[in-house]
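Here is input39.csv, consisting of CSV, C-alpha atoms:
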chain,number,residue,atom,x,y,z
A,1,MET,CA,43.6,123.9,-194.5
A,2,PRO,CA,42.0,124.7,-191.1
A,3,SER,CA,44.4,125.0,-188.2
A,4,LEU,CA,44.8,122.6,-185.3
A,5,PRO,CA,46.7,123.2,-182.1
A,6,HIS,CA,50.3,122.0,-182.5
A,7,LYS,CA,52.7,120.4,-180.0
A,8,TYR,CA,55.4,122.5,-178.5
A,9,GLY,CA,58.6,122.1,-176.5
A,10,ARG,CA,58.4,120.7,-173.0
A,11,ASN,CA,61.0,119.7,-170.5
A,12,VAL,CA,60.3,115.9,-170.4
A,13,PHE,CA,63.4,115.4,-168.1
A,14,LEU,CA,61.4,117.2,-165.3
A,15,TYR,CA,58.4,114.9,-165.9
A,16,PRO,CA,59.0,112.8,-162.7
A,17,ILE,CA,58.9,116.0,-160.6
A,18,GLY,CA,55.7,116.9,-162.3
A,19,LEU,CA,54.2,113.6,-161.3
A,20,MET,CA,55.0,114.3,-157.7
A,21,TYR,CA,53.5,117.8,-158.0
A,22,GLY,CA,50.4,116.3,-159.7
A,23,PHE,CA,50.0,113.7,-156.9
A,24,ILE,CA,50.0,116.5,-154.3
A,25,THR,CA,47.4,118.6,-156.1
A,26,GLY,CA,45.4,115.4,-156.9
A,27,ILE,CA,45.2,114.6,-153.2
A,28,ARG,CA,43.9,118.1,-152.6
A,29,ASN,CA,41.2,117.7,-155.2
A,30,VAL,CA,40.2,114.3,-153.8
A,31,MET,CA,39.7,115.9,-150.4
A,32,PHE,CA,37.3,118.5,-151.9
A,33,ASN,CA,35.5,115.7,-153.9
A,34,ILE,CA,34.8,113.6,-150.8
A,35,GLY,CA,34.1,116.5,-148.5
A,36,LEU,CA,37.2,116.6,-146.3
A,37,LYS,CA,37.7,120.1,-147.6
A,38,LYS,CA,34.6,122.1,-147.8
A,39,GLU,CA,33.2,123.8,-151.0
A,40,HIS,CA,30.9,126.6,-149.9
A,41,GLN,CA,27.7,127.0,-151.9
A,42,PHE,CA,25.8,130.3,-152.1
A,43,ASN,CA,22.2,131.2,-152.9
A,44,ILE,CA,23.2,133.5,-155.8
A,45,PRO,CA,24.7,132.4,-159.1
A,46,ILE,CA,28.5,132.6,-159.2
A,47,ILE,CA,30.3,132.3,-162.5
A,48,ASN,CA,34.0,131.4,-162.3
A,49,VAL,CA,36.5,132.2,-165.1
A,50,GLY,CA,39.9,130.4,-164.7
A,51,ASN,CA,42.3,127.9,-165.9
A,52,ILE,CA,44.8,125.2,-164.7
A,53,ALA,CA,47.8,126.5,-166.5
A,54,VAL,CA,50.4,129.1,-165.5
A,55,GLY,CA,50.5,132.1,-167.7
A,56,GLY,CA,47.9,134.2,-169.6
A,57,THR,CA,45.0,132.4,-171.2
A,58,GLY,CA,42.9,135.6,-171.3
A,59,LYS,CA,40.9,135.5,-168.1
A,60,THR,CA,40.5,139.2,-167.7
A,61,PRO,CA,39.2,139.9,-171.3
A,62,HIS,CA,36.7,137.0,-170.9
A,63,THR,CA,35.6,138.3,-167.5
A,64,GLU,CA,35.1,141.7,-169.2
A,65,TYR,CA,33.1,140.0,-171.9
A,66,LEU,CA,30.7,138.6,-169.3
A,67,VAL,CA,30.4,142.0,-167.7
A,68,ARG,CA,29.4,143.5,-171.0
A,69,MET,CA,26.9,140.7,-171.6
A,70,LEU,CA,25.3,140.8,-168.2
A,71,GLN,CA,25.6,144.3,-166.7
A,72,ASP,CA,22.5,145.8,-168.4
A,73,THR,CA,20.2,143.0,-167.1
A,74,TYR,CA,21.7,142.0,-163.7
A,75,ARG,CA,23.4,143.7,-160.8
A,76,ILE,CA,26.8,142.1,-160.9
A,77,ALA,CA,29.9,142.1,-158.8
A,78,VAL,CA,33.4,141.0,-159.8
A,79,LEU,CA,35.6,139.3,-157.1
A,80,SER,CA,39.4,138.7,-157.5
A,81,ARG,CA,42.2,138.0,-155.1
A,82,GLY,CA,44.0,141.1,-156.4
A,83,TYR,CA,47.3,139.5,-157.3
A,84,LYS,CA,50.4,141.5,-156.2
A,85,ARG,CA,48.4,144.3,-154.6
A,86,LYS,CA,49.9,146.1,-151.6
A,87,THR,CA,46.8,145.7,-149.4
A,88,LYS,CA,45.3,142.8,-147.5
A,89,GLY,CA,41.8,141.5,-146.8
A,90,TYR,CA,38.6,142.6,-148.4
A,91,VAL,CA,38.8,145.8,-150.4
A,92,VAL,CA,36.1,147.4,-152.6
A,93,ALA,CA,37.2,149.5,-155.6
A,94,ASP,CA,36.2,153.2,-155.5
A,95,GLU,CA,37.2,156.5,-157.1
A,96,ASN,CA,40.4,156.5,-155.1
A,97,SER,CA,41.5,153.0,-155.9
A,98,SER,CA,44.8,152.3,-157.6
A,99,ALA,CA,46.5,149.2,-159.1
A,100,GLN,CA,48.6,149.0,-156.0
A,101,ALA,CA,45.6,148.9,-153.7
A,102,ILE,CA,43.5,146.3,-155.6
A,103,GLY,CA,45.8,144.8,-158.3
A,104,ASP,CA,46.2,145.7,-161.9
A,105,GLU,CA,43.5,143.5,-163.4
A,106,PRO,CA,40.7,144.4,-160.9
A,107,TYR,CA,41.7,148.1,-161.4
A,108,GLN,CA,41.5,147.7,-165.2
A,109,ILE,CA,37.9,146.2,-164.8
A,110,HIS,CA,36.9,149.0,-162.3
A,111,LYS,CA,38.2,151.7,-164.6
A,112,LYS,CA,36.4,150.3,-167.7
A,113,PHE,CA,33.1,149.5,-165.8
A,114,PRO,CA,32.8,152.1,-163.0
A,115,LYS,CA,29.2,151.2,-162.2
A,116,VAL,CA,30.1,147.5,-161.6
A,117,ILE,CA,31.0,146.4,-158.1
A,118,VAL,CA,34.7,145.3,-158.1
A,119,ALA,CA,36.2,143.8,-154.9
A,120,VAL,CA,39.3,141.9,-154.0
A,121,CYS,CA,39.8,139.4,-151.1
A,122,GLU,CA,42.4,136.6,-150.7
A,123,LYS,CA,39.7,134.4,-149.0
A,124,ARG,CA,37.1,134.1,-151.7
A,125,VAL,CA,34.4,132.8,-149.2
A,126,ASP,CA,34.8,135.9,-147.1
A,127,GLY,CA,34.7,138.0,-150.1
A,128,VAL,CA,31.5,136.5,-151.4
A,129,ASN,CA,29.9,136.8,-148.0
A,130,ARG,CA,30.8,140.5,-147.7
A,131,LEU,CA,29.6,141.3,-151.2
A,132,VAL,CA,26.3,139.7,-150.5
A,133,GLN,CA,26.0,141.5,-147.2
A,134,ASP,CA,27.1,144.9,-148.5
A,135,PHE,CA,25.7,145.1,-152.1
A,136,ASN,CA,23.3,142.1,-152.6
A,137,PRO,CA,24.4,141.4,-156.2
A,138,GLN,CA,22.4,139.2,-158.4
A,139,ILE,CA,25.5,137.5,-159.9
A,140,ILE,CA,29.1,137.3,-158.8
A,141,LEU,CA,31.9,136.8,-161.3
A,142,LEU,CA,35.0,135.1,-159.8
A,143,ASP,CA,38.2,135.9,-161.5
A,144,ASP,CA,40.8,133.1,-161.6
A,145,ALA,CA,39.3,130.7,-159.0
A,146,PHE,CA,39.1,127.4,-161.0
A,147,GLN,CA,41.6,125.8,-158.6
A,148,HIS,CA,40.5,127.7,-155.5
A,149,ARG,CA,37.6,125.4,-154.9
A,150,TYR,CA,36.5,126.8,-151.5
A,151,VAL,CA,33.7,128.5,-153.4
A,152,LYS,CA,31.6,126.2,-155.5
A,153,PRO,CA,30.6,128.1,-158.7
A,154,SER,CA,27.2,127.8,-160.4
A,155,ILE,CA,29.0,127.9,-163.8
A,156,ASN,CA,32.7,126.9,-164.0
A,157,ILE,CA,34.4,128.3,-167.1
A,158,MET,CA,37.9,127.0,-167.9
A,159,LEU,CA,40.2,128.6,-170.5
A,160,THR,CA,42.9,127.0,-172.6
A,161,ASP,CA,45.3,128.9,-174.9
A,162,PHE,CA,45.2,127.5,-178.5
A,163,ASN,CA,48.9,128.1,-178.7
A,164,ARG,CA,49.7,126.4,-175.4
A,165,PHE,CA,47.0,123.8,-175.8
A,166,ILE,CA,46.2,121.8,-172.7
A,167,ALA,CA,46.0,118.4,-174.4
A,168,PHE,CA,49.7,118.7,-175.2
A,169,ASP,CA,50.8,120.2,-171.9
A,170,LEU,CA,52.4,118.6,-168.8
A,171,ILE,CA,52.3,119.3,-165.1
A,172,MET,CA,54.9,121.8,-163.8
A,173,PRO,CA,57.8,122.0,-163.9
A,174,ALA,CA,57.9,119.9,-167.1
A,175,GLY,CA,55.1,121.9,-168.5
A,176,ARG,CA,52.8,124.7,-167.4
A,177,LEU,CA,49.9,122.8,-165.8
A,178,ARG,CA,49.1,123.4,-162.1
A,179,GLU,CA,47.2,120.1,-161.8
A,180,SER,CA,46.3,117.1,-163.9
A,181,LYS,CA,44.3,117.4,-167.1
A,182,LYS,CA,41.6,115.5,-165.1
A,183,GLY,CA,40.8,118.9,-163.5
A,184,MET,CA,39.0,119.8,-166.7
A,185,ARG,CA,36.1,117.6,-165.5
A,186,ARG,CA,35.1,120.3,-163.2
A,187,ALA,CA,34.4,122.7,-166.1
A,188,ASP,CA,30.9,123.4,-167.4
A,189,ILE,CA,32.3,125.3,-170.4
A,190,VAL,CA,35.7,125.2,-171.9
A,191,ILE,CA,36.9,128.1,-174.1
A,192,VAL,CA,39.8,127.7,-176.4
A,193,THR,CA,41.3,131.2,-176.5
A,194,LYS,CA,43.6,133.1,-178.9
A,195,CYS,CA,42.4,131.0,-181.8
A,196,PRO,CA,43.4,131.8,-185.4
A,197,GLY,CA,40.6,132.8,-187.7
A,198,ASP,CA,40.8,129.4,-189.5
A,199,VAL,CA,40.7,127.2,-186.4
A,200,ASP,CA,39.4,123.7,-187.0
A,201,MET,CA,36.8,123.7,-184.3
A,202,ASP,CA,35.7,120.1,-184.7
A,203,GLY,CA,39.2,118.8,-184.7
A,204,THR,CA,40.3,120.9,-181.7
A,205,ALA,CA,37.2,119.9,-179.7
A,206,SER,CA,37.9,116.2,-180.4
A,207,LEU,CA,41.4,116.6,-178.8
A,208,LEU,CA,39.6,117.8,-175.6
A,209,ARG,CA,36.9,115.1,-175.4
A,210,LYS,CA,39.3,112.7,-173.7
A,211,TYR,CA,39.3,115.0,-170.7
A,212,THR,CA,36.0,116.7,-170.5
A,213,LYS,CA,32.3,116.6,-171.5
A,214,ALA,CA,31.9,120.3,-171.1
A,215,ASP,CA,30.5,122.6,-173.8
A,216,ILE,CA,33.4,123.9,-175.9
A,217,CYS,CA,33.6,127.4,-177.4
A,218,PHE,CA,36.3,129.2,-179.4
A,219,SER,CA,37.4,132.8,-179.0
A,220,THR,CA,40.1,135.2,-180.3
A,221,PHE,CA,41.4,138.6,-179.3
A,222,THR,CA,40.5,141.8,-181.1
A,223,TYR,CA,42.3,145.1,-180.6
A,224,GLY,CA,40.4,148.4,-180.3
A,225,LEU,CA,41.4,152.0,-181.0
A,226,LEU,CA,44.6,153.1,-179.4
A,227,GLU,CA,44.0,155.4,-176.4
A,228,HIS,CA,46.5,158.1,-175.6
A,229,PHE,CA,47.9,157.9,-172.1
A,230,ARG,CA,47.7,161.6,-171.3
A,231,SER,CA,44.6,162.7,-173.2
A,232,ASN,CA,41.3,161.4,-174.5
A,233,ASP,CA,42.7,161.0,-178.1
A,234,ARG,CA,41.9,157.8,-179.9
A,235,MET,CA,43.7,156.4,-183.0
A,236,PRO,CA,43.1,153.4,-185.2
A,237,LEU,CA,46.0,150.9,-185.4
A,238,ASP,CA,45.9,151.3,-189.1
A,239,ASP,CA,47.2,154.9,-188.7
A,240,ILE,CA,50.6,153.4,-187.9
A,241,SER,CA,52.6,153.2,-191.1
A,242,LYS,CA,55.5,151.1,-192.3
A,243,ASN,CA,57.8,154.1,-191.8
A,244,ASP,CA,56.9,154.5,-188.2
A,245,SER,CA,58.5,152.8,-185.2
A,246,VAL,CA,56.8,151.0,-182.3
A,247,ILE,CA,58.3,150.4,-178.8
A,248,LEU,CA,56.1,147.8,-177.2
A,249,VAL,CA,56.3,147.8,-173.4
A,250,THR,CA,54.6,144.8,-171.7
A,251,GLY,CA,54.4,143.1,-168.4
A,252,ILE,CA,52.0,140.3,-169.5
A,253,ALA,CA,52.4,136.6,-169.7
A,254,ASN,CA,52.6,136.3,-173.5
A,255,PRO,CA,52.7,139.3,-175.8
A,256,THR,CA,53.1,137.2,-179.0
A,257,GLY,CA,49.6,137.9,-180.4
A,258,LEU,CA,50.1,141.7,-179.8
A,259,ILE,CA,53.4,141.6,-181.6
A,260,ASP,CA,51.9,139.8,-184.5
A,261,ARG,CA,49.1,142.4,-184.8
A,262,LEU,CA,51.5,145.3,-184.7
A,263,SER,CA,53.8,143.6,-187.3
A,264,LEU,CA,51.0,144.1,-189.8
A,265,GLN,CA,51.5,147.8,-189.5
A,266,THR,CA,55.3,148.1,-189.4
A,267,GLY,CA,58.4,146.0,-189.2
A,268,ASN,CA,60.1,148.6,-186.9
A,269,ILE,CA,59.1,147.0,-183.6
A,270,GLU,CA,61.2,146.9,-180.5
A,271,THR,CA,60.0,145.1,-177.4
A,272,ILE,CA,60.7,145.8,-173.8
A,273,GLN,CA,59.2,142.8,-172.0
A,274,PHE,CA,58.8,142.4,-168.3
A,275,ALA,CA,57.4,139.5,-166.2
A,276,ASP,CA,53.6,139.3,-165.8
A,277,HIS,CA,52.3,141.9,-163.3
A,278,HIS,CA,55.7,143.5,-163.2
A,279,SER,CA,55.9,146.6,-160.9
A,280,PHE,CA,57.8,149.3,-162.8
A,281,ASP,CA,60.5,151.2,-161.0
A,282,ALA,CA,62.6,154.3,-161.9
A,283,LYS,CA,65.2,152.1,-163.6
A,284,ASP,CA,62.5,150.7,-165.9
A,285,ILE,CA,61.2,154.1,-166.7
A,286,ASN,CA,64.7,155.4,-167.6
A,287,ALA,CA,65.2,152.3,-169.8
A,288,ILE,CA,62.0,153.0,-171.7
A,289,GLU,CA,63.0,156.7,-172.1
A,290,ASP,CA,66.4,155.8,-173.4
A,291,ARG,CA,64.9,153.4,-176.0
A,292,TYR,CA,62.4,156.1,-177.0
A,293,CYS,CA,65.0,158.8,-177.5
A,294,THR,CA,67.3,156.5,-179.5
A,295,ALA,CA,64.4,155.6,-181.8
A,296,LYS,CA,63.5,159.3,-182.2
A,297,SER,CA,67.0,160.2,-183.2
A,298,ARG,CA,67.3,157.6,-185.9
A,299,ASN,CA,63.8,157.4,-187.4
A,300,CYS,CA,62.2,159.7,-189.9
A,301,GLY,CA,58.6,158.5,-189.1
A,302,ASN,CA,56.6,158.7,-185.9
A,303,VAL,CA,57.7,156.8,-182.8
A,304,TYR,CA,54.9,155.2,-180.8
A,305,VAL,CA,55.3,153.7,-177.3
A,306,ILE,CA,52.5,151.1,-176.9
A,307,THR,CA,51.5,149.3,-173.8
A,308,THR,CA,48.5,147.3,-172.5
A,309,GLN,CA,45.7,148.4,-170.3
A,310,LYS,CA,47.0,146.3,-167.5
A,311,ASP,CA,50.5,147.8,-167.8
A,312,SER,CA,49.2,151.4,-168.0
A,313,ALA,CA,47.5,150.9,-164.7
A,314,ARG,CA,50.9,150.4,-163.1
A,315,LEU,CA,52.5,153.3,-165.0
A,316,GLU,CA,49.8,155.6,-163.6
A,317,GLU,CA,51.4,155.1,-160.2
A,318,PHE,CA,54.2,157.5,-161.2
A,319,GLU,CA,53.6,161.2,-160.4
A,320,SER,CA,55.5,162.1,-163.5
A,321,LEU,CA,56.9,160.3,-166.5
A,322,PRO,CA,59.6,161.6,-169.0
A,323,THR,CA,59.1,162.5,-172.6
A,324,PHE,CA,58.1,159.1,-173.9
A,325,SER,CA,54.7,159.5,-172.2
A,326,ASN,CA,53.8,162.1,-174.8
A,327,SER,CA,53.9,159.3,-177.4
A,328,LEU,CA,52.5,156.6,-175.0
A,329,TRP,CA,49.4,154.8,-176.3
A,330,ILE,CA,47.3,152.1,-174.7
A,331,ILE,CA,46.0,149.2,-176.8
A,332,PRO,CA,42.7,147.7,-175.6
A,333,VAL,CA,42.2,144.0,-175.9
A,334,GLU,CA,38.8,142.3,-176.1
A,335,ALA,CA,37.7,138.7,-176.3
A,336,SER,CA,35.4,137.8,-179.2
A,337,PHE,CA,33.9,134.5,-180.1
A,338,ILE,CA,34.4,132.9,-183.5
A,339,GLY,CA,31.5,132.3,-185.8
A,340,ASN,CA,28.3,131.2,-184.1
A,341,ASN,CA,30.1,130.7,-180.9
A,342,SER,CA,29.1,134.2,-179.7
A,343,ASN,CA,25.4,133.5,-179.6
A,344,GLY,CA,26.0,129.9,-178.5
A,345,PHE,CA,28.1,131.1,-175.5
A,346,LYS,CA,25.6,133.8,-174.5
A,347,ASP,CA,22.7,131.4,-174.8
A,348,ASN,CA,24.5,128.8,-172.8
A,349,ILE,CA,25.2,131.2,-169.9
A,350,LEU,CA,21.7,132.7,-169.9
A,351,ASP,CA,20.1,129.2,-170.0
A,352,ARG,CA,22.2,128.1,-167.0
A,353,LEU,CA,21.4,131.3,-165.2
A,354,SER,CA,17.7,131.1,-165.9
A,355,VAL,CA,17.3,128.1,-163.6
A,356,GLN,CA,19.2,129.8,-160.7
A,357,ILE,CA,17.8,133.4,-160.7

Would you encode the structure as structure tokens?
Amino acid sequence: MPSLPHKYGRNVFLYPIGLMYGFITGIRNVMFNIGLKKEHQFNIPIINVGNIAVGGTGKTPHTEYLVRMLQDTYRIAVLSRGYKRKTKGYVVADENSSAQAIGDEPYQIHKKFPKVIVAVCEKRVDGVNRLVQDFNPQIILLDDAFQHRYVKPSINIMLTDFNRFIAFDLIMPAGRLRESKKGMRRADIVIVTKCPGDVDMDGTASLLRKYTKADICFSTFTYGLLEHFRSNDRMPLDDISKNDSVILVTGIANPTGLIDRLSLQTGNIETIQFADHHSFDAKDINAIEDRYCTAKSRNCGNVYVITTQKDSARLEEFESLPTFSNSLWIIPVEASFIGNNSNGFKDNILDRLSVQI
């Protein structure tokens, strides 16, 4: 039987506080809607990828999907605020950039797509103006600006996690929403992310129709060849056997999907989980080393330390790492659309762009 999103635990006792928070964000949205707060429009297409929920819905993999789709045809730039970076203001990524300078997710995009313009700026309007002035891009991709609203996007893409489905969620702190579900009305395209292969697309879409008239697409995550941290070696996930051990080190919002995928290879999985965008320190490095050495001493198979691309960007900040780095592998994550959604999403974007470029 095809899968539908399921309800999950929420703290209904905090619902009254959520109503107050929703009222405040609702007033802010009304101010934008009636013009008391200004949405700035630009003469080039701007595609925003964002959400209204706290936690990972897959914004960066979907932004990267758009980069792959558009970079051969258009001169594109990616603009982010650069969450948790150590710098301020407008910064353009270059060969000397680091995760500390521009943020781990912009650094990841820059590293994977070195020919694409990647910039960060807390004030998105200033960032767009500077990008237009300095590089004259044909398209700007905005990362995580669905609620920002000072920049009016040409195409507004909103993501919702199949496993934390927005239709069943509540406003913080009772749930994980940063504003009312009515915010979905601003979306031109809604993507249901992290879907199982047997997702009931019609049934899931019907759960969203109460809140939005947007086009609805469905995507999932795929995992590429493991990349060695210290070399150019690549390895298929399937090379990990049931006798091997995996130590998964993550500082992402929700590693459940990654754990599920690794569990297909081996049941010997330990997790060292940090908060999203966690900045590693010497204590963390020593803890990883201790777990690695313990696993090596008791296991007859190989021991792999696996981390995400985003986390590896922050590990690169260390001048040296102990012995676990010899067995440290990075697992790439990509968004892929289910069924005919791939062509449908691409055609949808290109059709919308065709009337603007």

Atom CA of A:Asp284 and atom CA of A:Leu248 are how many Å apart?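 If I compute the distance from atom CA of A:Asp284 to atom CA of A:Leu248, I get 13.3 Å.
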
Distance query A:Lys296 at most 12 Å, all atoms listed in the file, self and fewer than 5 positions along chain excluded, as a PDB file with C-alpha atoms, in the coordinates of the input:
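out-v8.pdb was written with the following content:
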ATOM      1  CA  ASP A 244      56.900 154.500-188.200  1.00  0.00           C
ATOM      2  CA  SER A 245      58.500 152.800-185.200  1.00  0.00           C
ATOM      3  CA  VAL A 246      56.800 151.000-182.300  1.00  0.00           C
ATOM      4  CA  ILE A 247      58.300 150.400-178.800  1.00  0.00           C
ATOM      5  CA  GLU A 289      63.000 156.700-172.100  1.00  0.00           C
ATOM      6  CA  ASP A 290      66.400 155.800-173.400  1.00  0.00           C
ATOM      7  CA  ARG A 291      64.900 153.400-176.000  1.00  0.00           C
ATOM      8  CA  GLY A 301      58.600 158.500-189.100  1.00  0.00           C
ATOM      9  CA  ASN A 302      56.600 158.700-185.900  1.00  0.00           C
ATOM     10  CA  VAL A 303      57.700 156.800-182.800  1.00  0.00           C
ATOM     11  CA  TYR A 304      54.900 155.200-180.800  1.00  0.00           C
ATOM     12  CA  VAL A 305      55.300 153.700-177.300  1.00  0.00           C
ATOM     13  CA  THR A 323      59.100 162.500-172.600  1.00  0.00           C
ATOM     14  CA  PHE A 324      58.100 159.100-173.900  1.00  0.00           C
ATOM     15  CA  SER A 327      53.900 159.300-177.400  1.00  0.00           C
TER      16      SER A 327
END

Top pick for closest residue to A:Asp72, considering A:Leu264, A:Thr25, A:Tyr107, A:Gln138 and counting all atoms listed in the file: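 Closest residue, counting all atoms listed in the file: A:Gln138.
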
Do a neighbour search on stretch 192-208 of chain A at 9 Å with all atoms listed in the file, toss out local chain neighbours closer than 5 positions, and write the hits as a ChimeraX atom specification. /A:1-5,57-58,158-163,165-167,213,216-221,257,335,337-338

For A:Val12, please output as a PyMOL selection string all residues within 10 Å (counting all atoms listed in the file; exclusion window: fewer than 3 positions along the same chain). chain A and resi 9+15-18+170+173-175

Within 6 Å of stretch 76-85 of chain A, counting all atoms listed in the file, which residues show up once you throw out same-chain ones fewer than 6 positions away? Write them as a VMD selection string, please. chain A and resid 100 to 103 117 to 122 137 to 143

Which residue out of A:Asn286, A:Gln147, A:Asn33, A:Thr87 has the minimum interatomic distance to A:Ala99 when all atoms listed in the file are used?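 Smallest separation from A:Ala99 among the options: A:Thr87.
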
Which of these residues is nearest to A:Trp329, using all atoms listed in the file: A:Leu131, A:Leu262, A:Leu226, A:Leu19?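 That would be A:Leu226, the residue with the smallest distance to A:Trp329.
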
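The space separating atom CA of A:Arg178 from atom CA of A:Ala53 comes to 5.5 Å.
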
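Nearest to A:Ile285 of all the residues A:Glu105, A:Asp260, A:Asp351, A:Glu316 is A:Glu316, counting all atoms listed in the file.
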
So which residues touch stretch 306-315 of chain A within 6 Å, counting all atoms listed in the file, skipping near sequence neighbours fewer than 3 positions away, as a list of chain:residue names? A:Ala99, A:Asp104, A:Leu248, A:Val249, A:Thr250, A:Phe318, A:Leu328, A:Trp329, A:Ile330, A:Ile331

Min atom-atom distance to A:Leu14 from the set A:Ile272, A:Ile27, A:Cys293, A:Ile171, counting only C-alpha atoms, belongs to A:Ile171

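Interatomic distance, atom CA of A:Phe146 to atom CA of A:Ala187: 8.4 Å.
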
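Each of A:Ile189, A:Gly56, A:Tyr90, A:Arg130 was compared to A:Asp276 using all atoms listed in the file, and A:Gly56 turns out to be the nearest.
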